[in-house]
file protein.csv (CSV, C-alpha atoms and all ligand atoms)
chain,number,residue,atom,x,y,z
A,261,MET,CA,0.0,0.0,0.0
A,262,SER,CA,1.5,3.3,-1.0
A,263,LYS,CA,1.7,6.2,1.4
A,264,LYS,CA,-0.1,9.4,0.7
A,265,ARG,CA,2.1,12.3,-0.4
A,266,VAL,CA,2.8,15.4,1.7
A,267,LEU,CA,4.5,18.5,0.4
A,268,SER,CA,5.5,21.7,2.0
A,269,GLY,CA,8.0,24.5,1.5
A,270,MET,CA,9.5,27.5,3.3
A,271,GLN,CA,11.2,30.6,2.1
A,272,PRO,CA,14.8,30.9,3.2
A,273,SER,CA,14.4,34.0,5.3
A,274,GLY,CA,17.1,33.4,8.0
A,275,LEU,CA,17.4,31.6,11.3
A,276,LEU,CA,14.2,29.9,12.4
A,277,HIS,CA,12.6,30.6,15.8
A,278,LEU,CA,10.4,28.8,18.3
A,279,GLY,CA,7.3,30.0,16.4
A,280,ASN,CA,8.5,28.3,13.2
A,281,LEU,CA,9.5,25.2,15.2
A,282,LEU,CA,6.1,24.7,16.9
A,283,GLY,CA,4.0,26.1,14.1
A,284,ALA,CA,5.6,24.0,11.3
A,285,LEU,CA,8.7,21.9,11.9
A,286,GLU,CA,7.4,19.8,14.7
A,287,ASN,CA,4.5,18.9,12.5
A,288,TRP,CA,6.7,18.2,9.5
A,289,ARG,CA,8.8,15.8,11.7
A,290,LYS,CA,5.7,14.0,12.9
A,291,LEU,CA,4.4,13.5,9.4
A,292,GLN,CA,7.7,11.9,8.2
A,293,ASP,CA,6.8,8.4,9.5
A,294,GLN,CA,3.3,8.3,8.2
A,295,TYR,CA,3.5,9.9,4.7
A,296,GLU,CA,5.9,10.2,1.8
A,297,CYS,CA,7.1,13.7,2.5
A,298,TYR,CA,8.7,16.3,0.3
A,299,TYR,CA,10.0,19.4,2.0
A,300,PHE,CA,11.7,22.1,0.1
A,301,ILE,CA,13.4,25.5,0.3
A,302,ALA,CA,11.4,28.0,-1.7
A,303,ASP,CA,14.3,30.1,-2.9
A,304,TRP,CA,12.6,31.3,-6.0
A,305,HIS,CA,9.7,32.5,-3.9
A,306,ALA,CA,12.2,34.5,-1.8
A,307,LEU,CA,13.1,36.3,-5.0
A,308,THR,CA,9.6,37.5,-5.6
A,309,THR,CA,10.1,40.0,-2.7
A,310,ASN,CA,13.9,40.1,-2.5
A,311,TYR,CA,15.1,39.9,-6.1
A,312,ALA,CA,17.4,42.9,-5.8
A,313,ASP,CA,19.6,41.8,-3.0
A,314,THR,CA,20.4,38.1,-3.2
A,315,SER,CA,23.6,38.3,-1.2
A,316,LYS,CA,22.3,36.4,1.8
A,317,ILE,CA,20.3,33.7,0.1
A,318,ARG,CA,22.8,30.9,0.2
A,319,THR,CA,23.6,31.5,3.8
A,320,HIS,CA,19.9,31.5,4.6
A,321,VAL,CA,19.4,28.3,2.8
A,322,ASN,CA,22.1,26.6,4.7
A,323,GLU,CA,21.0,27.9,8.1
A,324,MET,CA,17.5,26.8,7.4
A,325,VAL,CA,18.5,23.3,6.4
A,326,ILE,CA,20.5,23.0,9.6
A,327,ASP,CA,17.5,24.1,11.6
A,328,TRP,CA,15.3,21.5,9.8
A,329,LEU,CA,17.7,18.7,10.3
A,330,SER,CA,18.3,19.6,14.0
A,331,THR,CA,14.6,19.0,14.7
A,332,GLY,CA,15.1,15.4,13.7
A,333,LEU,CA,13.9,15.5,10.1
A,334,ASP,CA,15.6,12.5,8.6
A,335,PRO,CA,16.9,12.8,5.0
A,336,GLU,CA,16.6,9.0,4.8
A,337,LYS,CA,12.8,9.3,5.3
A,338,VAL,CA,11.9,12.6,3.6
A,339,VAL,CA,13.0,14.2,0.4
A,340,LEU,CA,14.6,17.5,1.3
A,341,PHE,CA,15.3,19.7,-1.7
A,342,LYS,CA,15.8,23.2,-3.1
A,343,GLN,CA,13.3,24.6,-5.6
A,344,SER,CA,16.0,26.1,-7.9
A,345,LEU,CA,17.6,22.7,-8.3
A,346,VAL,CA,14.3,21.3,-9.7
A,347,PRO,CA,13.8,23.4,-12.9
A,348,GLU,CA,10.6,21.4,-13.7
A,349,HIS,CA,8.7,23.6,-11.2
A,350,ALA,CA,9.5,26.6,-13.5
A,351,VAL,CA,8.3,24.8,-16.6
A,352,LEU,CA,5.0,23.8,-15.0
A,353,HIS,CA,4.7,27.4,-13.6
A,354,LEU,CA,4.9,28.7,-17.2
A,355,LEU,CA,2.4,26.2,-18.5
A,356,LEU,CA,-0.1,26.9,-15.7
A,357,SER,CA,0.3,30.7,-16.2
A,358,MET,CA,-1.2,30.4,-19.6
A,359,SER,CA,-4.6,29.3,-18.3
A,360,THR,CA,-4.6,31.3,-15.0
A,361,PRO,CA,-6.9,34.3,-15.3
A,362,LEU,CA,-5.3,37.5,-14.0
A,363,PRO,CA,-8.2,38.4,-11.6
A,364,TRP,CA,-7.6,35.2,-9.7
A,365,LEU,CA,-4.2,36.4,-8.8
A,366,GLU,CA,-5.1,40.0,-8.1
A,367,ARG,CA,-7.7,38.9,-5.6
A,368,VAL,CA,-5.3,36.9,-3.5
A,369,PRO,CA,-5.3,38.6,-0.1
A,370,THR,CA,-1.5,38.4,0.5
A,371,TYR,CA,-0.9,40.1,-2.8
A,372,LYS,CA,-2.5,43.4,-1.8
A,373,GLU,CA,-1.3,43.1,1.8
A,374,LYS,CA,2.3,42.7,0.9
A,375,MET,CA,2.2,45.2,-1.8
A,376,ASP,CA,1.0,47.8,0.7
A,377,GLN,CA,3.4,46.6,3.4
A,378,ILE,CA,6.6,46.7,1.4
A,379,GLN,CA,7.4,50.3,0.5
A,380,ASP,CA,11.2,50.3,0.0
A,381,ARG,CA,11.2,48.1,-3.2
A,382,GLU,CA,9.4,48.0,-6.5
A,383,MET,CA,6.9,45.3,-6.0
A,384,ASN,CA,4.7,45.8,-9.0
A,385,THR,CA,6.5,42.9,-10.8
A,386,TYR,CA,5.3,40.0,-13.0
A,387,GLY,CA,7.1,37.5,-10.7
A,388,PHE,CA,5.4,38.8,-7.5
A,389,LEU,CA,1.9,38.6,-9.0
A,390,GLY,CA,2.7,35.1,-10.2
A,391,TYR,CA,3.8,34.0,-6.7
A,392,PRO,CA,0.7,31.7,-6.2
A,393,VAL,CA,1.1,30.2,-9.7
A,394,LEU,CA,4.6,29.1,-8.8
A,395,GLN,CA,3.3,27.7,-5.5
A,396,ALA,CA,0.6,25.8,-7.4
A,397,ALA,CA,3.3,24.3,-9.6
A,398,ASP,CA,5.3,23.3,-6.5
A,399,ILE,CA,2.4,21.4,-5.2
A,400,LEU,CA,0.8,20.0,-8.3
A,401,ILE,CA,4.1,18.7,-9.8
A,402,TYR,CA,4.3,16.2,-7.0
A,403,LYS,CA,0.5,15.4,-7.1
A,404,ALA,CA,0.6,16.1,-3.4
A,405,HIS,CA,-2.5,14.9,-1.4
A,406,PHE,CA,-1.7,17.1,1.7
A,407,VAL,CA,0.0,20.4,2.3
A,408,PRO,CA,0.8,21.2,5.9
A,409,VAL,CA,0.6,25.0,6.1
A,410,GLY,CA,-0.6,27.8,8.5
A,411,VAL,CA,-3.9,29.6,8.0
A,412,ASP,CA,-2.2,32.4,6.1
A,413,GLN,CA,-1.5,30.0,3.3
A,414,LEU,CA,-5.1,28.8,2.8
A,415,PRO,CA,-5.9,31.2,0.0
A,416,HIS,CA,-2.8,30.0,-1.9
A,417,LEU,CA,-4.0,26.4,-1.5
A,418,GLU,CA,-7.5,27.2,-2.6
A,419,LEU,CA,-6.1,28.9,-5.7
A,420,THR,CA,-3.9,25.8,-6.3
A,421,ARG,CA,-7.0,23.7,-6.4
A,422,GLU,CA,-8.7,26.1,-8.8
A,423,ILE,CA,-5.6,26.2,-11.1
A,424,GLY,CA,-5.4,22.4,-11.1
A,425,ARG,CA,-9.1,21.9,-11.7
A,426,ARG,CA,-8.9,24.3,-14.7
A,427,PHE,CA,-6.0,22.4,-16.1
A,428,ASP,CA,-7.8,19.1,-15.7
A,429,GLN,CA,-10.9,20.5,-17.4
A,430,LEU,CA,-8.9,21.7,-20.4
A,431,TYR,CA,-6.5,18.8,-20.9
A,432,GLY,CA,-7.6,15.8,-18.9
A,433,GLU,CA,-7.4,14.4,-15.4
A,434,ILE,CA,-3.8,14.7,-14.0
A,435,PHE,CA,-3.8,16.5,-10.7
A,436,PRO,CA,-5.4,15.3,-7.5
A,437,GLU,CA,-6.9,18.1,-5.3
A,438,PRO,CA,-4.4,18.9,-2.5
A,439,GLN,CA,-5.9,19.4,1.0
A,440,PRO,CA,-4.4,21.5,3.8
A,441,LEU,CA,-3.1,19.8,6.9
A,442,MET,CA,-3.6,22.5,9.5
A,443,THR,CA,-1.5,22.6,12.6
A,444,GLU,CA,-3.4,23.7,15.7
A,445,TYR,CA,-1.0,25.3,18.1
A,446,PRO,CA,-1.3,28.2,20.5
A,447,LYS,CA,0.0,31.5,19.3
A,448,LEU,CA,3.5,32.1,20.6
A,449,PRO,CA,4.4,35.5,22.0
A,450,GLY,CA,7.9,36.9,21.5
A,451,THR,CA,10.0,38.4,24.3
A,452,ASP,CA,8.2,41.8,24.0
A,453,GLY,CA,4.8,40.2,24.3
A,454,ARG,CA,3.8,40.7,20.6
A,455,LYS,CA,3.5,37.7,18.3
A,456,MET,CA,7.0,36.1,17.9
A,457,SER,CA,8.2,37.3,14.5
A,458,LYS,CA,11.6,37.9,12.9
A,459,SER,CA,10.4,41.4,11.8
A,460,TYR,CA,9.7,42.4,15.4
A,461,GLY,CA,13.2,41.3,16.6
A,462,ASN,CA,11.6,39.5,19.5
A,463,THR,CA,12.4,35.9,18.7
A,464,ILE,CA,14.0,33.1,20.6
A,465,ASN,CA,15.9,31.2,17.8
A,466,MET,CA,16.5,27.5,17.6
A,467,SER,CA,20.2,28.2,17.1
A,468,ASP,CA,20.5,30.5,20.2
A,469,SER,CA,22.9,29.3,22.8
A,470,PRO,CA,21.5,28.4,26.3
A,471,GLU,CA,23.2,31.6,27.6
A,472,ALA,CA,21.5,33.7,24.9
A,473,ILE,CA,18.1,32.1,25.6
A,474,THR,CA,18.6,32.7,29.3
A,475,LYS,CA,19.3,36.3,28.7
A,476,LYS,CA,16.2,36.7,26.5
A,477,VAL,CA,13.9,35.0,28.9
A,478,MET,CA,15.2,36.9,31.9
A,479,ALA,CA,14.5,40.1,30.0
A,480,MET,CA,11.1,39.0,28.9
A,481,VAL,CA,8.0,41.2,29.3
A,482,THR,CA,5.4,39.9,31.8
A,483,ASP,CA,2.1,41.3,33.0
A,484,PRO,CA,2.8,45.0,32.5
A,485,ALA,CA,0.6,45.9,35.5
A,486,ARG,CA,2.8,43.9,37.8
A,487,VAL,CA,5.6,46.4,38.6
A,488,ARG,CA,6.8,45.3,42.0
A,489,ARG,CA,7.3,41.8,43.4
A,490,ASN,CA,4.5,42.4,45.9
A,491,ASP,CA,2.0,43.4,43.3
A,492,PRO,CA,-0.4,40.6,42.4
A,493,GLY,CA,-0.3,39.7,38.7
A,494,ASN,CA,-2.6,38.4,36.0
A,495,PRO,CA,-1.3,35.3,34.2
A,496,ASP,CA,-4.1,35.7,31.6
A,497,VAL,CA,-2.3,38.7,30.1
A,498,CYS,CA,1.2,37.5,30.8
A,499,PRO,CA,3.3,36.4,27.7
A,500,LEU,CA,5.6,34.5,30.0
A,501,PHE,CA,2.7,32.4,31.2
A,502,ALA,CA,1.8,31.7,27.6
A,503,LEU,CA,5.2,30.1,27.2
A,504,ASP,CA,4.7,28.2,30.5
A,505,LYS,CA,1.6,26.6,29.1
A,506,ILE,CA,3.6,25.3,26.1
A,507,PHE,CA,6.8,24.2,27.7
A,508,ALA,CA,6.3,23.8,31.5
A,509,PRO,CA,4.4,20.9,33.1
A,510,LYS,CA,0.7,21.4,34.0
A,511,GLU,CA,1.4,21.3,37.8
A,512,TRP,CA,3.7,24.3,37.5
A,513,CYS,CA,1.2,26.2,35.4
A,514,ASP,CA,-1.5,25.5,38.0
A,515,HIS,CA,0.8,26.7,40.7
A,516,VAL,CA,1.6,29.9,38.8
A,517,ASN,CA,-2.0,30.5,38.0
A,518,VAL,CA,-2.8,30.6,41.8
A,519,GLU,CA,0.3,32.1,43.3
A,520,CYS,CA,1.0,34.9,40.7
A,521,ARG,CA,-2.5,36.3,41.4
A,522,ARG,CA,-1.7,36.8,45.1
A,523,ALA,CA,2.0,37.7,44.6
A,524,GLY,CA,3.0,34.3,46.0
A,525,ILE,CA,5.7,33.9,43.4
A,526,GLY,CA,7.6,36.5,41.4
A,527,CYS,CA,8.2,36.7,37.7
A,528,VAL,CA,11.9,35.8,38.1
A,529,ASP,CA,10.9,32.5,39.8
A,530,ASP,CA,8.7,31.7,36.9
A,531,LYS,CA,11.3,32.6,34.4
A,532,LYS,CA,13.8,30.3,36.0
A,533,GLU,CA,11.4,27.4,35.9
A,534,LEU,CA,10.4,28.1,32.3
A,535,LEU,CA,14.1,28.1,31.3
A,536,LYS,CA,14.6,24.7,32.9
A,537,HIS,CA,11.9,23.2,30.7
A,538,LEU,CA,12.6,25.2,27.5
A,539,LEU,CA,16.4,24.4,27.6
A,540,ALA,CA,15.7,20.7,28.2
A,541,TYR,CA,13.3,20.7,25.2
A,542,LEU,CA,15.9,22.3,22.9
A,543,LYS,CA,18.9,20.3,24.1
A,544,PRO,CA,18.6,17.3,21.7
A,545,MET,CA,18.2,19.7,18.8
A,546,GLN,CA,21.2,21.7,19.9
A,547,GLU,CA,23.3,18.6,20.1
A,548,ARG,CA,22.3,17.5,16.6
A,549,ARG,CA,23.1,21.0,15.4
A,550,LYS,CA,26.6,20.8,16.8
A,551,GLU,CA,27.3,17.8,14.4
A,552,LEU,CA,25.9,19.7,11.5
A,553,VAL,CA,27.4,23.2,11.6
A,554,ASP,CA,31.0,22.0,11.1
A,555,ASP,CA,30.0,19.8,8.1
A,556,PRO,CA,28.9,22.1,5.3
A,557,LYS,CA,29.5,19.4,2.7
A,558,ARG,CA,27.0,17.1,4.4
A,559,ILE,CA,24.4,19.8,4.1
A,560,THR,CA,25.1,20.4,0.4
A,561,ASP,CA,25.1,16.7,-0.2
A,562,ILE,CA,21.7,16.2,1.5
A,563,ILE,CA,20.1,19.0,-0.6
A,564,HIS,CA,21.6,17.7,-3.8
A,565,GLU,CA,20.6,14.2,-3.2
A,566,GLY,CA,17.1,15.2,-2.2
A,567,SER,CA,16.8,17.5,-5.3
A,568,ARG,CA,17.9,14.6,-7.5
A,569,LYS,CA,15.1,12.4,-6.1
A,570,ALA,CA,12.5,15.2,-6.4
A,571,ARG,CA,13.5,15.8,-10.0
A,572,VAL,CA,12.6,12.2,-10.9
A,573,VAL,CA,9.0,12.7,-9.7
A,574,ALA,CA,8.7,16.2,-11.1
A,575,ALA,CA,10.0,15.1,-14.5
A,576,GLN,CA,7.5,12.3,-14.6
A,577,THR,CA,4.5,14.6,-14.0
A,578,LEU,CA,5.9,17.1,-16.5
A,579,ALA,CA,6.0,14.4,-19.1
A,580,GLU,CA,2.3,13.6,-18.5
A,581,VAL,CA,1.5,17.3,-18.7
A,582,ASN,CA,3.3,17.6,-22.0
A,583,GLU,CA,1.5,14.6,-23.3
A,584,ALA,CA,-1.9,15.9,-22.2
A,585,MET,CA,-1.2,19.3,-23.8
A,586,LYS,CA,0.1,17.6,-26.9
A,587,LEU,CA,3.4,19.5,-26.8
A,601,LIG,N1,4.2,30.4,0.4
A,601,LIG,C1,4.8,29.6,1.4
A,601,LIG,C2,5.2,30.5,2.6
A,601,LIG,O1,5.5,31.6,2.5
A,601,LIG,C3,6.0,28.9,1.0
A,601,LIG,C4,5.7,27.9,-0.2
A,601,LIG,C5,6.1,28.0,-1.5
A,601,LIG,C6,4.9,26.7,0.0
A,601,LIG,N2,5.6,27.0,-2.2
A,601,LIG,C7,4.9,26.2,-1.3
A,601,LIG,C8,4.3,26.1,1.0
A,601,LIG,C9,4.2,25.0,-1.6
A,601,LIG,C10,3.6,24.9,0.8
A,601,LIG,C11,3.5,24.4,-0.5
A,601,LIG,O2,5.2,30.0,3.7

call {"tool": "encode", "arguments": {"input": "protein.csv", "output": "structure tokens"}}
result
Amino acid sequence: MSKKRVLSGMQPSGLLHLGNLLGALENWRKLQDQYECYYFIADWHALTTNYADTSKIRTHVNEMVIDWLSTGLDPEKVVLFKQSLVPEHAVLHLLLSMSTPLPWLERVPTYKEKMDQIQDREMNTYGFLGYPVLQAADILIYKAHFVPVGVDQLPHLELTREIGRRFDQLYGEIFPEPQPLMTEYPKLPGTDGRKMSKSYGNTINMSDSPEAITKKVMAMVTDPARVRRNDPGNPDVCPLFALDKIFAPKEWCDHVNVECRRAGIGCVDDKKELLKHLLAYLKPMQERRKELVDDPKRITDIIHEGSRKARVVAAQTLAEVNEAMKL
């Protein structure tokens, strides 16, 4: 019995943080035993917003693959590859672009949002508008059944189904309809209490040393109304408590939930306890990382080997597509 196929990708945007780890990578790792998984570095997608400055892209790719592998993603079980090493994605992107109506792309919510958000670069480009067509090609070329993504990616997945359906209507049944695999996980606050995000500079990174993590947690924002140790606090609005609920045992959370409200424990006590659990959780990943950082050849080999495997599948689908389109 053949396993169902899972595909997902990530743009190489730099060091990954706890939000990426809990929101995506933990899930990717769990899926590797149950499905035939393809995970890739979307370096062409990174160009849609950062085409002018490509100086950091290779560093980012390497850092990201080290982060991936350190979580326990196993290159023997999953196909890890880089989009730009599988040119078949670009060919399918071109073919799908022929039958994709422009208004479908213009109404994608991320299109307008990012366009308004990014002010320092010319964003009115052909490539940027075509972002979702490229993503559709990424998914359809592997005939993926499931795509693990966050809610923000649902419109892209919906569009992928529409693009695939249109192709099938025009040329014959080739593409199965990919379904999202949503990860439910609590929103992770950063050290300043806002959502953990690279652009806010409030992240705890997977690659941070235990010392760096200790510093960040000790400086973390707690209930802003709790100024002095004797002030009672409110765990419901405390970003530190949000992290407790993820990383600390339930007994500790129950304890904090009572004691904080009557100033029975201080924020520093809670920070120390959180650190104990957070560092223990990250320790196996940091150990795996140590073996990887000094071996750049191994990282390159894994990406090349994965890309070679991915190409076999992609080329097969492309041959079917060419046949269906009578090219
Ligand atoms: N758009 C995705 C993101 O920014 C990355 C991506 C590109 C992707 N191609 C994909 C995700 C295909 C899933 C499947 O996170």

call {"tool": "closest_residue", "arguments": {"input": "protein.csv", "among": "A:Glu418, A:Asp530, A:Glu286, A:Asp334", "to": "ligand LIG 601 (chain A)", "atoms": "only C-alpha atoms and all ligand atoms"}}
result
A:Glu418

call {"tool": "closest_atom_pairs", "arguments": {"input": "protein.csv", "of": "chain A", "to": "ligand LIG 601 (chain A)", "cutoff": "8 Å", "atoms": "all atoms listed in the file", "output": "CSV"}}
result
residue,atom,partner,partner_atom,distance
A:Leu267,CA,A:LIG601,C11,6.1
A:Ser268,CA,A:LIG601,C10,3.9
A:Gly269,CA,A:LIG601,C8,4.1
A:Met270,CA,A:LIG601,C3,4.4
A:Gln271,CA,A:LIG601,C3,5.6
A:Ile301,CA,A:LIG601,C5,7.9
A:Ala302,CA,A:LIG601,C5,5.3
A:His305,CA,A:LIG601,C5,6.2
A:Tyr391,CA,A:LIG601,N1,8.0
A:Pro392,CA,A:LIG601,N1,7.6
A:Leu394,CA,A:LIG601,N2,7.0
A:Gln395,CA,A:LIG601,N2,4.1
A:Ala396,CA,A:LIG601,C9,6.9
A:Asp398,CA,A:LIG601,C9,5.3
A:Ile399,CA,A:LIG601,C9,5.4
A:Val407,CA,A:LIG601,C10,6.0
A:Pro408,CA,A:LIG601,C10,6.9
A:Val409,CA,A:LIG601,C10,6.1
A:Gly410,CA,A:LIG601,O2,7.8
A:Gln413,CA,A:LIG601,N1,6.4
A:His416,CA,A:LIG601,N1,7.4
A:Leu417,CA,A:LIG601,C11,7.8

call {"tool": "atom_distance", "arguments": {"input": "protein.csv", "atom1": "atom CA of A:His564", "atom2": "atom CA of A:Tyr298"}}
result
13.6 Å

call {"tool": "atom_distance", "arguments": {"input": "protein.csv", "atom1": "atom CA of A:Trp328", "atom2": "atom CA of A:Asp293"}}
result
15.6 Å

call {"tool": "residues_around", "arguments": {"input": "protein.csv", "residues": "A:Val581", "least_positions_apart": "3", "cutoff": "10 Å", "atoms": "all atoms listed in the file", "output": "list of chain:residue names"}}
result
A:Leu352, A:Leu355, A:Ile401, A:Phe427, A:Asp428, A:Tyr431, A:Gly432, A:Glu433, A:Ile434, A:Phe435, A:Ala575, A:Gln576, A:Thr577, A:Leu578, A:Ala584, A:Met585, A:Lys586, A:Leu587

call {"tool": "residues_near_point", "arguments": {"input": "protein.csv", "point": "(17.6, 19.2, 4.0)", "cutoff": "9 Å", "atoms": "all atoms listed in the file", "output": "PDB file with C-alpha atoms, in the coordinates of the input"}}
result
ATOM      1  CA  TYR A 299      10.000  19.400   2.000  1.00  0.00           C
ATOM      2  CA  PHE A 300      11.700  22.100   0.100  1.00  0.00           C
ATOM      3  CA  ILE A 301      13.400  25.500   0.300  1.00  0.00           C
ATOM      4  CA  ASN A 322      22.100  26.600   4.700  1.00  0.00           C
ATOM      5  CA  MET A 324      17.500  26.800   7.400  1.00  0.00           C
ATOM      6  CA  VAL A 325      18.500  23.300   6.400  1.00  0.00           C
ATOM      7  CA  ILE A 326      20.500  23.000   9.600  1.00  0.00           C
ATOM      8  CA  TRP A 328      15.300  21.500   9.800  1.00  0.00           C
ATOM      9  CA  LEU A 329      17.700  18.700  10.300  1.00  0.00           C
ATOM     10  CA  LEU A 333      13.900  15.500  10.100  1.00  0.00           C
ATOM     11  CA  ASP A 334      15.600  12.500   8.600  1.00  0.00           C
ATOM     12  CA  PRO A 335      16.900  12.800   5.000  1.00  0.00           C
ATOM     13  CA  VAL A 338      11.900  12.600   3.600  1.00  0.00           C
ATOM     14  CA  VAL A 339      13.000  14.200   0.400  1.00  0.00           C
ATOM     15  CA  LEU A 340      14.600  17.500   1.300  1.00  0.00           C
ATOM     16  CA  PHE A 341      15.300  19.700  -1.700  1.00  0.00           C
ATOM     17  CA  LYS A 342      15.800  23.200  -3.100  1.00  0.00           C
ATOM     18  CA  ILE A 559      24.400  19.800   4.100  1.00  0.00           C
ATOM     19  CA  THR A 560      25.100  20.400   0.400  1.00  0.00           C
ATOM     20  CA  ASP A 561      25.100  16.700  -0.200  1.00  0.00           C
ATOM     21  CA  ILE A 562      21.700  16.200   1.500  1.00  0.00           C
ATOM     22  CA  ILE A 563      20.100  19.000  -0.600  1.00  0.00           C
ATOM     23  CA  HIS A 564      21.600  17.700  -3.800  1.00  0.00           C
ATOM     24  CA  GLY A 566      17.100  15.200  -2.200  1.00  0.00           C
TER      25      GLY A 566
END

call {"tool": "atom_distance", "arguments": {"input": "protein.csv", "atom1": "atom CA of A:Phe507", "atom2": "atom CA of A:Leu291"}}
result
21.3 Å

call {"tool": "closest_residue", "arguments": {"input": "protein.csv", "among": "A:Lys374, A:Arg367, A:Arg488, A:Lys263", "to": "A:Leu419", "atoms": "only C-alpha atoms"}}
result
A:Arg367

call {"tool": "closest_residue", "arguments": {"input": "protein.csv", "among": "A:Cys527, A:Val321, A:Leu535, A:Ala397", "to": "A:Val351", "atoms": "all atoms listed in the file"}}
result
A:Ala397

call {"tool": "residues_near_point", "arguments": {"input": "protein.csv", "point": "(23.8, 23.6, 23.4)", "cutoff": "8 Å", "atoms": "only C-alpha atoms", "output": "PyMOL selection string"}}
result
chain A and resi 469-470+543+546-547+550

call {"tool": "residues_around", "arguments": {"input": "protein.csv", "residues": "A:Val528", "least_positions_apart": "6", "cutoff": "10 Å", "atoms": "all atoms listed in the file", "output": "tab-separated table (two decimals) with C-alpha atoms, in the frame of the given file"}}
result
chain	number	residue	atom	x	y	z
A	477	VAL	CA	13.90	35.00	28.90
A	478	MET	CA	15.20	36.90	31.90
A	479	ALA	CA	14.50	40.10	30.00
A	480	MET	CA	11.10	39.00	28.90
A	482	THR	CA	5.40	39.90	31.80
A	489	ARG	CA	7.30	41.80	43.40
A	534	LEU	CA	10.40	28.10	32.30

call {"tool": "closest_residue", "arguments": {"input": "protein.csv", "among": "A:Leu282, A:Cys297, A:Leu307, A:Asn287", "to": "A:Pro446", "atoms": "all atoms listed in the file"}}
result
A:Leu282

call {"tool": "residues_around", "arguments": {"input": "protein.csv", "residues": "A:Pro438", "least_positions_apart": "2", "cutoff": "8 Å", "atoms": "all atoms listed in the file", "output": "MDAnalysis selection string"}}
result
chainID A and resid 399:400 403:407 417 420:421 436 440

call {"tool": "residues_around", "arguments": {"input": "protein.csv", "residues": "stretch 458-460 of chain A", "least_positions_apart": "6", "cutoff": "10 Å", "atoms": "all atoms listed in the file", "output": "PDB file with C-alpha atoms, in the coordinates of the input"}}
result
ATOM      1  CA  SER A 273      14.400  34.000   5.300  1.00  0.00           C
ATOM      2  CA  GLY A 274      17.100  33.400   8.000  1.00  0.00           C
ATOM      3  CA  LEU A 275      17.400  31.600  11.300  1.00  0.00           C
ATOM      4  CA  LEU A 276      14.200  29.900  12.400  1.00  0.00           C
ATOM      5  CA  HIS A 277      12.600  30.600  15.800  1.00  0.00           C
ATOM      6  CA  GLY A 279       7.300  30.000  16.400  1.00  0.00           C
ATOM      7  CA  GLY A 450       7.900  36.900  21.500  1.00  0.00           C
ATOM      8  CA  THR A 451      10.000  38.400  24.300  1.00  0.00           C
ATOM      9  CA  ASP A 452       8.200  41.800  24.000  1.00  0.00           C
TER      10      ASP A 452
END

call {"tool": "residues_around", "arguments": {"input": "protein.csv", "residues": "A:Leu362", "least_positions_apart": "6", "cutoff": "12 Å", "atoms": "all atoms listed in the file", "output": "NGL selection string"}}
result
:A and (356 or 368 or 386 or 389-390 or 392-393 or 419 or 423)

call {"tool": "closest_residue", "arguments": {"input": "protein.csv", "among": "A:Pro363, A:Lys476, A:Ile525, A:Glu471", "to": "A:Pro492", "atoms": "all atoms listed in the file"}}
result
A:Ile525

call {"tool": "closest_residue", "arguments": {"input": "protein.csv", "among": "A:Thr309, A:Ser359, A:Ser567, A:Gln292", "to": "A:Val266", "atoms": "all atoms listed in the file"}}
result
A:Gln292
